[in-house]
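Visitor: This is the structure, below, for whatever I ask next.
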Amino acid sequence: MGWYIKNTKIKKKHKKMENYKQLFVGGDLSGIQKFLYNISSKRAAVSLKGRSWYLREYTEDVCNKLADAVKLAGATSVDVIYCSGGKFYFLTENGSTIIEAIDRCAKAVKKDLWKEHLGQLGINIAYVSFSENADGTVNTNGKLNLKPGELWRTVNAEFARQKNQKFKDIISEQFLQFFRPIPVGGKVRVCAITGIESPDCVKLERDSDEDEDIMVLPSVKKQMLLGQRLRNVQGFKSFEDYADNTYLGILRMDVDGLGKRFIEGFDSIAQYRLFSNRLVNFFEKEVEVIQHDSEYRTFLNIIYAGGDDLFIVGRWDKLIDFAERIHQETVSRFKADGISISGGVVMVKPKFPIAKAAELAGEAEDAAKHFRDEKKNAFCLFGKTVSWENEFDYVKDFKDEFVRMISTFGISKSILHKIMLYASMAELNKKRKKKGQAEDFSYMWHISYYMTRYMERYKTNAEVCTFCRNLRDRELTSNSGRNLELIGLAARWAELLLRDQNKQ
C-alpha cells in the first residue's frame, strides 16, 4: 500500500508539471568549502589544487550525466545556462519520462557521491516546469507572466529544503550501513590529508624530503595525482616558495549580491545566459590571464576560481595588489549589472596550517561582506575593513607616501608606530562611545604635539614639513577619527613593506 501511495503522488506531481512545455533543472554541490580546506599542511599546494579541479570536473560531470539521461528519455535538446562554482542550471523539454529519468539519475549520483566521500560532499538536484512567453516572462507554479528569476528562486528554495534532509535517500535505503560503527585499530589508518580514519587508506609515493609512508584515502590519492599533473603543466610552487622569505598571503573573494541579481535582475532567460557566460568566462579564464601578468606570475597561485569565488595564495604584498586589480576588473566588466566584489586577505607564516589560514581568510572575507550594514563592496586587510569605493585608494596613497618619505628622505620609522598607536586610541574611543561611556579625545592633542615636534626635527626639509603639517592639520584630526584609522592602516602596510625591503 505504501508503494502505491508513493507512486500515485509521483504520477500526480508529474501530471501537474506536464501543464508546461519546458523544464528548468539545477544542481548544487554542498559542502564545498569544508571539503576544499579540510586538509593538513602536508603536500598542501598539490592537495588544494587537485581538490579544486576535482570539484570543477565533478560539477561538469554531473551536469553531463543528467543531460545524457534526459536525452535518452526523449529530450531533443539540453541548453546549459550555467555550470561553475559547484552549481549548474540547464533547460530541456518537459515530460513524465524525462522527469523520471532526472529522478533516477539524481538518485544514482547521490549514492555514488556518498560511496566516494562518505558525507563530505552532498549534491542537490531540483527542477521546475514552466513555459516562456514572447516578452521573456514565464508561467510557472500556476502563476502567469513572472520574471524568469522565479525559476531560480524556486529551484534554490528546493536546494535549501534538500539540504535540511541531507542523505535522506541513503539513510532510508542503507540505514545500517549509514549508522555502522567506525572501525578502530587493526588495519584502520588516518588519512594524512583529511584526518579521516578508514581501513581503505592507500600509500602515496614518498617525496625526496619524506622519511615515512603517507597513507591517504583512495579519493584523496586521485585528487593529489590530479594536482601533481597540474603542477607539472602549470609549474606552481610550494607555499614556502611563494612566500619568498616573507609572509604568505591567503586571499578569498566573493561577488556581492549575485543571488539577488539572478532572482530579480533579468527580463528574459536569454539575458541570464549572456550574463552567466560572461561571469564564468571572467572567473574561470580571465582571472588566470591576469595572474599570468609579469607582476604576479611568479608570486601567486590560483587555488580556486569558479562561480563567483576566488581562493588564491601568494606573497602577501603581491596578493593585495592582485585583489585590487580583480576589483577594478570586476567593476569594469559588471558595473552595468549592479554587482561588486568583496574579499579579505590574511598573512601567515609559510608553514602555518593551511586549513586554519583558509578559515581566517574566510572570516576576513565575511567582515568585508558585513561592512557598514551589509553595503559590502569592501576589502579586509590586516584585520581592518575598508570600502573599495572611497577608502582603499586613500589608504594606498598614504602607504606610498610613508614609504617614499622614509626611503627617499630618511625620516624615522617611528612616525609609523606613533600613528598606529594613535589610531588604536581612536578605535578605543569609538568603543567607549558605543558603550555610552565618556569619550576621551586626548589622542588629538598627542597627535598635534608629536607632529609639531616632528616638523621641528626636519625643519630643513620643506617636503617633509608639508607632509607632516597636512597630517596634523587636515587628516589625523578630522572625520570623527576614521581618517586616523585609515592612515594607521596605511602605516602598518608601509611598515611591513619597509621591513621586507630591509631583508633584501
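Starting from 1 in every chain, residues are counted up; chains themselves are A, B, ... following the order of the C-alpha cells, and ligands are numbered from 1 as listed.
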Would you list the contacts of stretch 284-288 of chain A as a VMD selection string, taking every protein, DNA or RNA residue within 10 Å and counting only C-alpha atoms, but skipping same-chain residues closer than 5 positions in sequence?
Guide: chain A and resid 56 84 to 85 279 293 297 301 to 302 304 to 310 322 325 to 326 329 to 330
Visitor: Go through stretch 354-423 of chain A and flag each residue having an atom no more than 9 Å from stretch 428-452 of chain A; for those, report the closest pair of atoms plus their distance in Å to one decimal, using only C-alpha atoms, ordered by chain and rising number, as CSV.
Guide:
```
residue,atom,partner,partner_atom,distance
A:Ile415,CA,A:Met451,CA,8.7
A:Lys418,CA,A:Tyr450,CA,8.4
A:Ile419,CA,A:Ile447,CA,8.0
A:Tyr422,CA,A:Tyr443,CA,6.1
A:Ala423,CA,A:Leu428,CA,8.7
```
Visitor: For stretch 496-504 of chain A, please output as a ChimeraX atom specification all residues within 9 Å (counting only C-alpha atoms; exclusion window: fewer than 5 positions along the same chain).
Guide: /A:245-246,317,403,406-407,491
Visitor: So the first atom is atom CA of A:Gly314 and the second is atom CA of A:Lys335; what is the distance between them in Å, to one decimal place?
Guide: 27.9 Å
Visitor: Which residues, written as a list in words, have at least one atom at most 6 Å from A:Tyr247, with only C-alpha atoms counted and residues fewer than 5 positions away on the same chain left out?
Guide: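 In the requested form, the answer reads Trp316, Met347, Val348 and Lys349 of chain A.
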Visitor: Save out the residues we just selected, C-alpha atoms, as a short mmCIF file (atom, residue, chain, number, x, y, z; two decimals), in the first residue's frame.
Guide:
```cif
data_model
loop_
_atom_site.label_atom_id
_atom_site.label_comp_id
_atom_site.auth_asym_id
_atom_site.auth_seq_id
_atom_site.Cartn_x
_atom_site.Cartn_y
_atom_site.Cartn_z
CA TRP A 316 51.29 38.94 0.81
CA MET A 347 49.12 36.94 6.37
CA VAL A 348 50.63 33.82 7.90
CA LYS A 349 53.97 32.08 8.18
#
```
Visitor: Nearest to A:Glu389 among A:His327, A:Lys111, A:Lys413, A:Lys42, with distances taken over only C-alpha atoms: which residue is it?
Guide: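 Of A:His327, A:Lys111, A:Lys413, A:Lys42, the one nearest A:Glu389, counting only C-alpha atoms, is A:His327.
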Visitor: Counting only C-alpha atoms, which of A:Arg278, A:Lys222, A:Lys351, A:Lys237 gets nearest to A:Tyr82?
Guide: A:Arg278
Visitor: Using Å and a single decimal, report how far atom CA of A:Asp61 sits from atom CA of A:Leu226.
Guide: 15.7 Å
Visitor: Counting only C-alpha atoms, which of A:Arg453, A:Lys87, A:Arg482, A:Arg333 gets nearest to A:Lys384?
Guide: A:Arg482
Visitor: Which residues of stretch 329-359 of chain A come within 10 Å of stretch 15-36 of chain A, and for each one, what is the closest pair of atoms and their distance in Å to one decimal, counting only C-alpha atoms, sorted by chain and residue number, as JSON lines?
Guide:
```
{"residue": "A:Ala355", "atom": "CA", "partner": "A:Leu36", "partner_atom": "CA", "distance": 8.8}
{"residue": "A:Ala358", "atom": "CA", "partner": "A:Gln33", "partner_atom": "CA", "distance": 9.4}
{"residue": "A:Glu359", "atom": "CA", "partner": "A:Gln33", "partner_atom": "CA", "distance": 9.5}
```
